[in-house]
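Coordinates as given in upload-v3.cif (mmCIF, C-alpha atoms):
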data_input
loop_
_atom_site.label_atom_id
_atom_site.label_comp_id
_atom_site.auth_asym_id
_atom_site.auth_seq_id
_atom_site.Cartn_x
_atom_site.Cartn_y
_atom_site.Cartn_z
CA MET R 288 25.75 -9.11 -1.51
CA LEU R 289 24.51 -7.76 1.75
CA GLU R 290 26.62 -8.11 4.84
CA GLN R 291 25.04 -10.75 7.09
CA PRO R 292 25.72 -9.70 10.69
CA ALA R 293 26.17 -12.50 13.18
CA PRO R 294 23.65 -12.90 16.03
CA THR R 295 24.59 -10.76 19.01
CA PRO R 296 22.91 -9.92 22.33
CA ASP R 297 21.45 -6.85 20.58
CA ARG R 298 19.41 -9.07 18.29
CA LEU R 299 16.41 -11.09 19.33
CA PRO R 300 16.62 -14.84 18.66
CA ALA R 301 13.46 -14.62 16.53
CA LEU R 302 14.89 -11.94 14.28
CA VAL R 303 18.29 -13.25 13.25
CA PRO R 304 19.60 -11.72 10.03
CA GLY R 305 19.83 -14.28 7.24
CA ARG R 306 16.75 -16.15 8.46
CA ARG R 307 13.45 -16.06 6.63
CA LEU R 308 10.27 -14.90 8.32
CA PRO R 309 7.15 -17.07 8.11
CA ASP R 310 4.53 -15.79 5.69
CA LEU R 311 2.17 -14.58 8.42
CA ARG R 312 -1.53 -14.13 7.63
CA LEU R 313 -3.19 -11.55 9.86
CA PRO R 314 -5.94 -8.95 9.69
CA ASP R 315 -4.81 -5.46 8.82
CA HIS R 316 -6.09 -2.24 10.39
CA THR R 317 -9.20 -2.41 8.19
CA GLY R 318 -9.92 -5.99 9.30
CA SER R 319 -9.00 -7.54 5.93
CA GLU R 320 -6.75 -10.59 6.11
CA ARG R 321 -3.35 -9.96 4.54
CA ALA R 322 -0.33 -12.16 3.91
CA LEU R 323 3.05 -10.70 4.80
CA SER R 324 4.39 -11.74 1.38
CA GLU R 325 1.57 -9.81 -0.29
CA LEU R 326 2.44 -6.67 1.66
CA VAL R 327 6.15 -7.04 0.95
CA ALA R 328 5.64 -7.84 -2.75
CA GLY R 329 8.91 -6.97 -4.51
CA ASP R 330 10.24 -4.19 -2.31
CA PRO R 331 12.57 -3.82 0.68
CA VAL R 332 10.53 -3.59 3.87
CA VAL R 333 10.93 -2.22 7.38
CA LEU R 334 8.98 -4.59 9.66
CA GLN R 335 8.28 -3.15 13.08
CA THR R 336 6.75 -4.88 16.08
CA PHE R 337 5.47 -2.62 18.82
CA ARG R 338 3.88 -2.90 22.26
CA GLY R 339 0.69 -0.97 21.54
CA TRP R 340 -0.78 2.47 21.03
CA TRP R 341 -0.56 3.25 24.75
CA CYS R 342 3.27 3.10 25.07
CA PRO R 343 5.04 6.52 24.97
CA LYS R 344 8.21 4.91 23.60
CA GLU R 345 6.22 3.53 20.67
CA GLN R 346 4.58 6.89 20.06
CA ALA R 347 8.03 8.52 19.94
CA PHE R 348 9.40 5.87 17.60
CA PHE R 349 6.37 6.11 15.33
CA ARG R 350 7.02 9.82 14.92
CA ARG R 351 10.43 8.80 13.59
CA LEU R 352 8.89 6.36 11.09
CA VAL R 353 6.25 8.87 10.01
CA ALA R 354 9.08 11.29 9.19
CA LEU R 355 10.70 8.57 7.08
CA GLN R 356 7.54 7.77 5.10
CA ASP R 357 7.91 10.94 3.02
CA GLU R 358 11.07 9.36 1.59
CA MET R 359 9.71 5.81 1.52
CA GLU R 360 6.71 6.85 -0.58
CA VAL R 361 8.95 7.66 -3.56
CA ALA R 362 11.68 5.07 -2.92
CA TYR R 363 9.85 1.79 -3.64
CA ALA R 364 10.18 0.57 -0.07
CA ARG R 365 7.55 -0.31 2.49
CA ILE R 366 6.80 -0.31 6.20
CA VAL R 367 4.69 -2.89 8.02
CA SER R 368 3.82 -2.48 11.71
CA LEU R 369 2.61 -5.36 13.87
CA SER R 370 1.07 -5.41 17.34
CA VAL R 371 -1.60 -7.12 19.42
CA ASP R 372 -3.93 -4.12 19.05
CA PRO R 373 -7.20 -5.08 17.29
CA PRO R 374 -8.06 -3.51 13.90
CA ALA R 375 -10.30 -0.73 15.23
CA VAL R 376 -7.61 0.40 17.68
CA SER R 377 -4.86 0.13 15.09
CA ALA R 378 -6.89 2.13 12.56
CA ALA R 379 -7.47 4.93 15.06
CA PHE R 380 -3.81 4.97 16.14
CA ARG R 381 -2.64 4.91 12.51
CA ALA R 382 -4.94 7.80 11.60
CA GLY R 383 -3.79 9.82 14.59
CA LEU R 384 -0.15 9.31 13.67
CA GLY R 385 -0.68 10.18 10.00
CA ALA R 386 0.82 6.83 8.96
CA ARG R 387 0.07 5.68 5.43
CA TRP R 388 1.31 2.10 5.64
CA THR R 389 -0.30 -1.16 6.75
CA PHE R 390 -0.71 -2.11 10.40
CA LEU R 391 -1.10 -5.85 11.02
CA CYS R 392 -3.17 -6.91 14.01
CA ASP R 393 -2.61 -9.97 16.16
CA PRO R 394 -5.10 -9.66 19.03
CA ASP R 395 -5.25 -13.46 19.38
CA ARG R 396 -1.43 -13.51 19.68
CA ARG R 397 -1.13 -16.43 17.25
CA ALA R 398 1.70 -14.87 15.27
CA LEU R 399 3.29 -13.58 18.46
CA ALA R 400 3.59 -17.13 19.76
CA ARG R 401 4.86 -18.39 16.41
CA LEU R 402 7.52 -15.69 16.24
CA GLY R 403 8.50 -15.97 19.90
CA LEU R 404 8.36 -12.22 20.39
CA ARG R 405 6.23 -11.87 23.53
CA GLU R 406 7.50 -9.23 25.94
CA THR R 407 7.46 -11.35 29.09
CA THR R 408 7.87 -8.44 31.50
CA ASP R 409 4.46 -7.00 30.61
CA THR R 410 1.93 -9.48 31.92
CA VAL R 411 -0.91 -6.97 31.61
CA HIS R 412 -0.87 -6.44 27.84
CA ASN R 413 1.23 -9.46 26.76
CA PRO R 414 2.49 -7.38 23.85
CA TYR R 415 5.15 -7.82 21.18
CA VAL R 416 8.62 -6.89 22.27
CA PRO R 417 9.54 -3.74 20.33
CA ALA R 418 11.80 -4.65 17.44
CA VAL R 419 12.61 -3.71 13.87
CA ALA R 420 13.80 -5.96 11.06
CA THR R 421 14.62 -5.09 7.48
CA VAL R 422 13.20 -7.70 5.13
CA LEU R 423 13.89 -8.64 1.51
CA PRO R 424 11.12 -9.66 -0.92
CA ASP R 425 11.72 -13.35 -0.14
CA LEU R 426 11.12 -12.51 3.56
CA THR R 427 14.79 -12.94 4.49
CA MET R 428 15.83 -10.55 7.23
CA THR R 429 18.96 -8.51 6.57
CA ARG R 430 19.24 -6.68 9.91
CA SER R 431 17.33 -6.39 13.13
CA TRP R 432 17.20 -4.15 16.16
CA ASN R 433 16.01 -5.03 19.65
CA GLY R 434 13.98 -2.03 20.84
CA TYR R 435 13.23 -3.14 24.38
CA TRP R 436 15.31 -0.19 25.51
CA PHE R 437 14.52 2.83 23.36
CA TRP R 438 18.15 3.42 22.35
CA GLY R 439 18.26 -0.05 20.84
CA ARG R 440 15.97 1.07 18.05
CA PRO R 441 17.34 2.06 14.66
CA THR R 442 17.96 5.66 13.78
CA LEU R 443 16.57 6.85 10.48
CA GLU R 444 20.10 6.98 9.14
CA GLU R 445 20.64 3.30 9.98
CA LEU R 446 17.41 2.44 8.18
CA ARG R 447 18.38 4.54 5.17
CA GLN R 448 21.76 2.83 4.94
CA GLU R 449 20.18 -0.61 5.13
CA LEU R 450 17.44 0.22 2.61
CA ARG R 451 20.13 1.48 0.24
CA ALA R 452 22.08 -1.77 0.56
CA MET R 453 18.92 -3.86 0.09
CA THR R 454 17.80 -1.86 -2.93
CA ARG R 455 21.23 -2.16 -4.48
CA ALA R 456 21.06 -5.92 -3.98
CA ILE R 457 17.61 -6.50 -5.48
CA ARG R 458 17.36 -3.94 -8.30
CA PRO R 459 19.21 -5.18 -11.37
CA ASP R 460 19.31 -1.63 -12.77
CA TRP R 461 20.88 -0.04 -9.66
CA GLU R 462 23.74 1.16 -11.85
CA ALA R 463 22.12 3.96 -13.82
CA PRO R 464 22.07 3.27 -17.56
CA VAL R 465 24.45 5.64 -19.36
CA PRO R 466 25.36 6.07 -23.04
CA MET D 1319 0.37 -7.65 -17.56
CA SER D 1320 -0.49 -5.11 -14.86
CA TRP D 1321 -3.22 -3.19 -16.64
CA CYS D 1322 -6.32 -3.61 -18.76
CA TRP D 1323 -8.39 -1.24 -20.89
CA ILE D 1324 -11.54 0.47 -19.72
CA ALA D 1325 -13.90 2.81 -21.60
CA PHE D 1326 -17.34 4.34 -21.48
CA VAL D 1327 -19.24 3.43 -24.62
CA GLU D 1328 -22.84 3.71 -25.75
CA ASP D 1329 -23.67 0.01 -26.04
CA ARG D 1330 -21.96 -3.21 -25.05
CA PRO D 1331 -19.09 -3.56 -27.54
CA ALA D 1332 -18.37 -6.83 -29.30
CA GLY D 1333 -15.08 -8.24 -28.00
CA ALA D 1334 -15.22 -6.68 -24.54
CA ASP D 1335 -14.28 -9.08 -21.74
CA ALA D 1336 -16.77 -7.48 -19.34
CA ALA D 1337 -19.39 -4.76 -19.62
CA ALA D 1338 -22.42 -3.43 -17.76
CA SER D 1339 -24.77 -0.49 -17.94
CA THR D 1340 -24.30 2.55 -15.75
CA THR D 1341 -27.02 4.75 -14.35
CA THR D 1342 -27.17 7.99 -12.42
CA GLY D 1343 -28.66 8.24 -8.94
CA ASP D 1344 -32.10 8.96 -10.41
CA GLY D 1345 -31.95 5.86 -12.60
CA ARG D 1346 -31.10 7.51 -15.91
CA ARG D 1347 -28.95 5.30 -18.11
CA VAL D 1348 -25.70 6.98 -19.11
CA GLY D 1349 -23.87 4.32 -21.09
CA THR D 1350 -21.88 1.14 -20.73
CA LEU D 1351 -18.62 0.62 -18.88
CA ALA D 1352 -16.54 -1.97 -20.72
CA VAL D 1353 -13.25 -3.71 -19.90
CA TRP D 1354 -10.84 -5.41 -22.28
CA LEU D 1355 -8.07 -7.76 -21.12
CA ARG D 1356 -5.67 -7.40 -24.01
CA ARG D 1357 -2.67 -5.36 -25.08
CA ALA D 1358 -4.09 -3.67 -28.21
CA LYS D 1359 -6.18 -0.55 -27.56
CA PRO D 1360 -9.81 -1.48 -28.29
CA VAL D 1361 -11.45 1.95 -28.78
CA ARG D 1362 -10.10 5.47 -29.04
CA SER D 1363 -11.44 6.58 -25.65
CA ALA D 1364 -10.03 3.57 -23.75
CA ARG D 1365 -7.73 4.17 -20.79
CA ARG D 1366 -5.43 1.84 -18.88
CA MET D 1367 -6.66 0.66 -15.46
CA ASP D 1368 -5.10 -1.54 -12.75
CA LEU D 1369 -5.79 -5.08 -13.92
CA ARG D 1370 -6.72 -6.29 -10.44
CA LEU D 1371 -9.86 -4.17 -10.46
CA ALA D 1372 -11.34 -5.98 -13.46
CA ASP D 1373 -13.56 -8.86 -12.40
CA PRO D 1374 -16.23 -10.44 -14.62
CA ALA D 1375 -17.71 -11.93 -11.42
CA GLY D 1376 -17.71 -8.63 -9.53
CA ALA D 1377 -20.84 -7.42 -7.76
CA ALA D 1378 -22.75 -4.30 -8.72
CA ALA D 1379 -21.14 -1.15 -7.34
CA THR D 1380 -21.31 2.60 -7.06
CA LEU D 1381 -18.47 4.43 -8.79
CA SER D 1382 -16.78 7.75 -8.57
CA LEU D 1383 -15.45 8.46 -12.04
CA VAL D 1384 -13.09 11.41 -12.24
CA LEU D 1385 -12.00 12.58 -15.66
CA PRO D 1386 -9.96 15.71 -16.35
CA PRO D 1387 -11.87 18.37 -18.33
CA ALA D 1388 -11.28 18.39 -22.09
CA GLY D 1389 -7.95 19.98 -22.89
CA MET D 1390 -6.60 19.59 -19.33
CA ARG D 1391 -3.39 17.53 -19.26
CA LEU D 1392 -2.30 17.22 -15.64
CA PRO D 1393 1.12 15.56 -15.23
CA PHE D 1394 0.89 12.40 -13.14
CA ASP D 1395 3.61 13.84 -10.89
CA ASP D 1396 1.67 17.05 -10.15
CA VAL D 1397 1.79 17.75 -6.42
CA ALA D 1398 -2.02 17.85 -6.12
CA LEU D 1399 -2.24 14.43 -7.67
CA GLN D 1400 0.56 13.13 -5.45
CA HIS D 1401 -1.41 14.35 -2.46
CA ALA D 1402 -4.58 12.64 -3.66
CA ARG D 1403 -2.66 9.35 -3.72
CA ARG D 1404 -1.38 10.03 -0.19
CA ARG D 1405 -4.95 10.58 0.97
CA VAL D 1406 -6.06 7.30 -0.60
CA LEU D 1407 -3.44 5.54 1.53
CA ALA D 1408 -4.27 7.46 4.68
CA GLU D 1409 -8.06 7.24 4.62
CA THR D 1410 -10.45 4.35 5.12
CA PRO D 1411 -10.19 2.26 1.94
CA PHE D 1412 -12.88 1.73 -0.67
CA ASP D 1413 -13.49 -1.60 -2.40
CA GLY D 1414 -11.08 -0.62 -5.13
CA VAL D 1415 -9.33 2.27 -6.80
CA SER D 1416 -7.30 2.82 -9.94
CA THR D 1417 -5.87 5.80 -11.68
CA LEU D 1418 -6.47 5.82 -15.43
CA LEU D 1419 -3.77 6.39 -18.00
CA ALA D 1420 -3.84 7.39 -21.66
CA ASP D 1421 -0.06 7.81 -21.91
CA ALA D 1422 3.02 7.51 -19.69
CA SER D 1423 3.04 11.08 -18.39
CA HIS D 1424 -0.44 12.37 -17.68
CA PHE D 1425 -3.35 11.71 -15.39
CA ALA D 1426 -6.30 10.53 -17.47
CA GLY D 1427 -8.71 9.99 -14.60
CA ALA D 1428 -9.47 7.81 -11.61
CA LEU D 1429 -12.06 5.23 -10.74
CA THR D 1430 -13.10 4.51 -7.16
CA VAL D 1431 -15.39 1.56 -6.40
CA ALA D 1432 -17.73 1.66 -3.41
CA ARG D 1433 -19.99 -1.02 -1.98
CA GLY D 1434 -22.12 -0.81 1.12
CA GLU D 1435 -23.82 2.16 2.68
CA ALA D 1436 -20.80 3.53 4.52
CA GLN D 1437 -18.50 3.51 1.48
CA VAL D 1438 -21.13 4.99 -0.82
CA ALA D 1439 -21.76 7.80 1.67
CA ARG D 1440 -18.04 8.73 1.57
CA LEU D 1441 -17.75 8.52 -2.22
CA PRO D 1442 -18.45 12.21 -3.05
CA ASP D 1443 -15.39 13.11 -0.94
CA GLU D 1444 -12.97 10.50 -2.28
CA PRO D 1445 -9.51 12.02 -2.79
CA PHE D 1446 -9.51 12.19 -6.61
CA ALA D 1447 -12.89 13.95 -6.57
CA ARG D 1448 -11.10 16.86 -4.87
CA LEU D 1449 -9.06 17.37 -8.07
CA PHE D 1450 -11.76 17.43 -10.73
CA ALA D 1451 -15.52 17.01 -10.80
CA ALA D 1452 -16.58 13.41 -10.30
CA ARG D 1453 -19.57 11.56 -11.67
CA VAL D 1454 -21.15 9.13 -9.24
CA LEU D 1455 -22.68 6.25 -11.16
CA HIS D 1456 -24.25 2.91 -10.42
CA LEU D 1457 -22.66 0.02 -12.30
CA GLY D 1458 -24.22 -3.36 -12.91
CA GLU D 1459 -22.56 -6.62 -11.91
CA GLY D 1460 -19.84 -8.40 -13.82
CA VAL D 1461 -17.21 -5.70 -14.44
CA LEU D 1462 -15.32 -4.53 -11.36
CA GLY D 1463 -14.23 -6.44 -8.26
CA SER D 1464 -12.70 -5.71 -4.88
CA VAL D 1465 -8.98 -5.17 -4.38
CA ALA D 1466 -7.10 -5.13 -1.08
CA PRO D 1467 -5.91 -1.64 -0.20
CA PRO D 1468 -2.37 -0.67 -1.24
CA ALA D 1469 0.28 -1.65 1.31
CA GLY D 1470 1.67 1.89 1.46
CA PRO D 1471 3.41 4.23 1.72
CA THR D 1472 4.42 4.14 -1.97
CA ILE D 1473 2.65 6.72 -4.15
CA GLU D 1474 4.83 6.20 -7.23
CA ARG D 1475 3.94 4.06 -10.22
CA TYR D 1476 5.99 0.91 -10.80
CA GLY D 1477 6.94 2.10 -14.27
CA SER D 1478 5.35 5.02 -16.08
CA ALA D 1479 3.01 2.81 -18.11
CA GLN D 1480 1.49 1.21 -14.99
CA PRO D 1481 -1.64 2.63 -13.36
CA TRP D 1482 -1.33 3.35 -9.64
CA PRO D 1483 -1.72 1.50 -7.22
CA TRP D 1484 -0.33 -1.52 -9.15
CA ASP D 1485 2.37 -2.44 -6.67
CA ARG D 1486 5.34 -4.19 -8.19
CA PHE D 1487 7.89 -4.15 -10.97
CA PRO D 1488 7.78 -6.99 -13.52
CA ALA D 1489 9.56 -10.10 -12.23
#
Written as structure tokens, that's how I'd like the structure from this file.
Amino acid sequence: MLEQPAPTPDRLPALVPGRRLPDLRLPDHTGSERALSELVAGDPVVLQTFRGWWCPKEQAFFRRLVALQDEMEVAYARIVSLSVDPPAVSAAFRAGLGARWTFLCDPDRRALARLGLRETTDTVHNPYVPAVATVLPDLTMTRSWNGYWFWGRPTLEELRQELRAMTRAIRPDWEAPVP
Amino acid sequence: MSWCWIAFVEDRPAGADAAASTTTGDGRRVGTLAVWLRRAKPVRSARRMDLRLADPAGAAATLSLVLPPAGMRLPFDDVALQHARRRVLAETPFDGVSTLLADASHFAGALTVARGEAQVARLPDEPFARLFAARVLHLGEGVLGSVAPPAGPTIERYGSAQPWPWDRFPA
């Protein structure tokens, strides 16, 4: 089974590996309400919370994720991004980035309060603290990264390694069938 | 089951689970679009479609129906077809979309469902219509519904027999 890292100062209390996320229901970038479980379906997922379109650190990290999506699109894995930006803003940001995954929108900050992920140092935007969690189909988190400081965010290689471990754990045919 | 059968036929076939007439933009009737929710192939021209798109309570819609020309057998993994799927994920979604399959290897068409003025206006430029000529048709109520857009970024099928964007392996 997957290694279950213990909570450390690098991990946010809301995103402790081994815990299960609530099945959030939020509008996506098109304004349609989506359940997190519906977006995850049966695949390993990279769940990212971000401050908003305006943050240069987020723009830089998104370029990293956009580079990864060319592998994700053939690897039966998913990305979900979540912020307080409303659907119209998220749709424009997503299009500008060239992202082809779902952006969830929490302008009312209902899910933010439920998750306990408000970045308290930004009293202007009251955004999500930047973070990444890898999530199994049952919404259990396997790893998380606190991205408040940019270098706390996962490298693509860390995400690849975790997605490999998750896929190995959930795909019963991971061992290739041989004669 | 992740798929159903769909076919264009002359008249409403006995045994179809849903069917409605189709017309062109100038009101000319061009046949009946029928859906069957069963495993056995109902008619020779039937193709597999994402089951979620079938809806006997669905509202009338405008369709873009893309079918490869006779004799053209484009592999489902062709790079042009991969890119069409990427564009579906990237662009503003329609009410529903499904690729159509006649076997496990080849692209047998695509169906895009539009409702509302803005979607219908974009329909001639939907991504699969950039591959082959599309027919834009009006479909009566009671056949096709609305499906939430694919989560992305997956462009692969979940098994070669499954139409895209069906989004999960069997449990």
Closest to R:Asp372 among R:Gly434, R:Gly385, R:Pro314, R:Gly329, using all atoms listed in the file?
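Smallest separation from R:Asp372 among the options: R:Pro314.
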For a test of reading the model, state the distance in Å between atom CA of R:Arg458 and atom CA of D:Ser1478, rounded to one decimal.
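Straight-line distance from atom CA of R:Arg458 to atom CA of D:Ser1478 works out to 16.9 Å.
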Pick from D:Ser1320, D:Ala1408, D:Arg1475, D:Asp1413 nearest to R:Phe380, counting all atoms listed in the file:
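Checking each of D:Ser1320, D:Ala1408, D:Arg1475, D:Asp1413 against R:Phe380, counting all atoms listed in the file, the winner is D:Ala1408.
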Written as a compact mmCIF listing (two decimals) with C-alpha atoms, in the frame of the given file, which residues does the PyMOL selection byres ((chain D) within 7 of (chain R)) give for the file shown?
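Now in selection_21.txt:
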# COMPACT_ATOMS: atom_id res chain seq x y z
CA LEU D 1407 -3.44 5.54 1.53
CA ALA D 1408 -4.27 7.46 4.68
CA ALA D 1469 0.28 -1.65 1.31
CA GLY D 1470 1.67 1.89 1.46
CA PRO D 1471 3.41 4.23 1.72
CA THR D 1472 4.42 4.14 -1.97
CA ILE D 1473 2.65 6.72 -4.15
CA GLU D 1474 4.83 6.20 -7.23
CA ARG D 1486 5.34 -4.19 -8.19
Can you tell me which residues surround stretch 1453-1464 of chain D at a distance of at most 6 Å, considering all atoms listed in the file, apart from same-chain residues fewer than 4 positions away, and format the answer as number ranges by chain?
D: 1336-1342, 1371-1383, 1413-1414
Write out, as a PDB file, keeping the file's coordinate frame, the residues just selected, with C-alpha atoms.
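Heads up, here's the output in out07.pdb:
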ATOM      1  CA  ALA D1336     -16.770  -7.480 -19.340  1.00  0.00           C
ATOM      2  CA  ALA D1337     -19.390  -4.760 -19.620  1.00  0.00           C
ATOM      3  CA  ALA D1338     -22.420  -3.430 -17.760  1.00  0.00           C
ATOM      4  CA  SER D1339     -24.770  -0.490 -17.940  1.00  0.00           C
ATOM      5  CA  THR D1340     -24.300   2.550 -15.750  1.00  0.00           C
ATOM      6  CA  THR D1341     -27.020   4.750 -14.350  1.00  0.00           C
ATOM      7  CA  THR D1342     -27.170   7.990 -12.420  1.00  0.00           C
ATOM      8  CA  LEU D1371      -9.860  -4.170 -10.460  1.00  0.00           C
ATOM      9  CA  ALA D1372     -11.340  -5.980 -13.460  1.00  0.00           C
ATOM     10  CA  ASP D1373     -13.560  -8.860 -12.400  1.00  0.00           C
ATOM     11  CA  PRO D1374     -16.230 -10.440 -14.620  1.00  0.00           C
ATOM     12  CA  ALA D1375     -17.710 -11.930 -11.420  1.00  0.00           C
ATOM     13  CA  GLY D1376     -17.710  -8.630  -9.530  1.00  0.00           C
ATOM     14  CA  ALA D1377     -20.840  -7.420  -7.760  1.00  0.00           C
ATOM     15  CA  ALA D1378     -22.750  -4.300  -8.720  1.00  0.00           C
ATOM     16  CA  ALA D1379     -21.140  -1.150  -7.340  1.00  0.00           C
ATOM     17  CA  THR D1380     -21.310   2.600  -7.060  1.00  0.00           C
ATOM     18  CA  LEU D1381     -18.470   4.430  -8.790  1.00  0.00           C
ATOM     19  CA  SER D1382     -16.780   7.750  -8.570  1.00  0.00           C
ATOM     20  CA  LEU D1383     -15.450   8.460 -12.040  1.00  0.00           C
ATOM     21  CA  ASP D1413     -13.490  -1.600  -2.400  1.00  0.00           C
ATOM     22  CA  GLY D1414     -11.080  -0.620  -5.130  1.00  0.00           C
TER      23      GLY D1414
END
Can you spell out as a VMD selection string the set of residues that the PyMOL selection byres ((chain R and resi 400) around 12) selects in the structure I just provided?
chain R and resid 301 311 371 393 to 399 401 to 407 413 to 416
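Compared by their closest atoms to R:Ile457, and using only C-alpha atoms, the residues R:Pro331, R:Arg350, R:Thr429, R:Ala418 rank with R:Pro331 nearest.
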Non-local contacts of R:Leu450 (9 Å; only C-alpha atoms; under 2 positions in same chain excluded) as an NGL selection string:
:R and (331-333 or 364 or 421 or 445-448 or 452-455)
Expand the PyMOL selection byres ((chain D and resi 1351-1363) around 6) into the individual residues it matches in the shown file, reporting them as a ChimeraX atom specification.
/D:1322-1326,1334-1338,1350,1364
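For the set R:Val465, R:Leu443, R:Cys392, R:Met428, the residue with the smallest atom-to-atom gap to R:Gly339 is R:Cys392, counting all atoms listed in the file.
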With all atoms listed in the file as the counted atoms, please give the residues lying no more than 9 Å from D:Pro1393, apart from itself and same-chain residues fewer than 3 positions off, as a tab-separated table (two decimals) with C-alpha atoms, keeping the file's coordinate frame.
chain	number	residue	atom	x	y	z
D	1396	ASP	CA	1.67	17.05	-10.15
D	1399	LEU	CA	-2.24	14.43	-7.67
D	1423	SER	CA	3.04	11.08	-18.39
D	1424	HIS	CA	-0.44	12.37	-17.68
D	1425	PHE	CA	-3.35	11.71	-15.39
In Å, how far is it from atom CA of D:Pro1468 to atom CA of D:Ala1388?
29.6 Å
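We find atom CA of D:Ala1436 and atom CA of D:Arg1366 to be spaced 28.0 Å apart.
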Rank R:Ala375, R:Leu391, R:Leu426, R:Leu352 by their smallest atom-to-atom distance to R:Leu308, using only C-alpha atoms, and report the top residue only.
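Checking each of R:Ala375, R:Leu391, R:Leu426, R:Leu352 against R:Leu308, counting only C-alpha atoms, the winner is R:Leu426.
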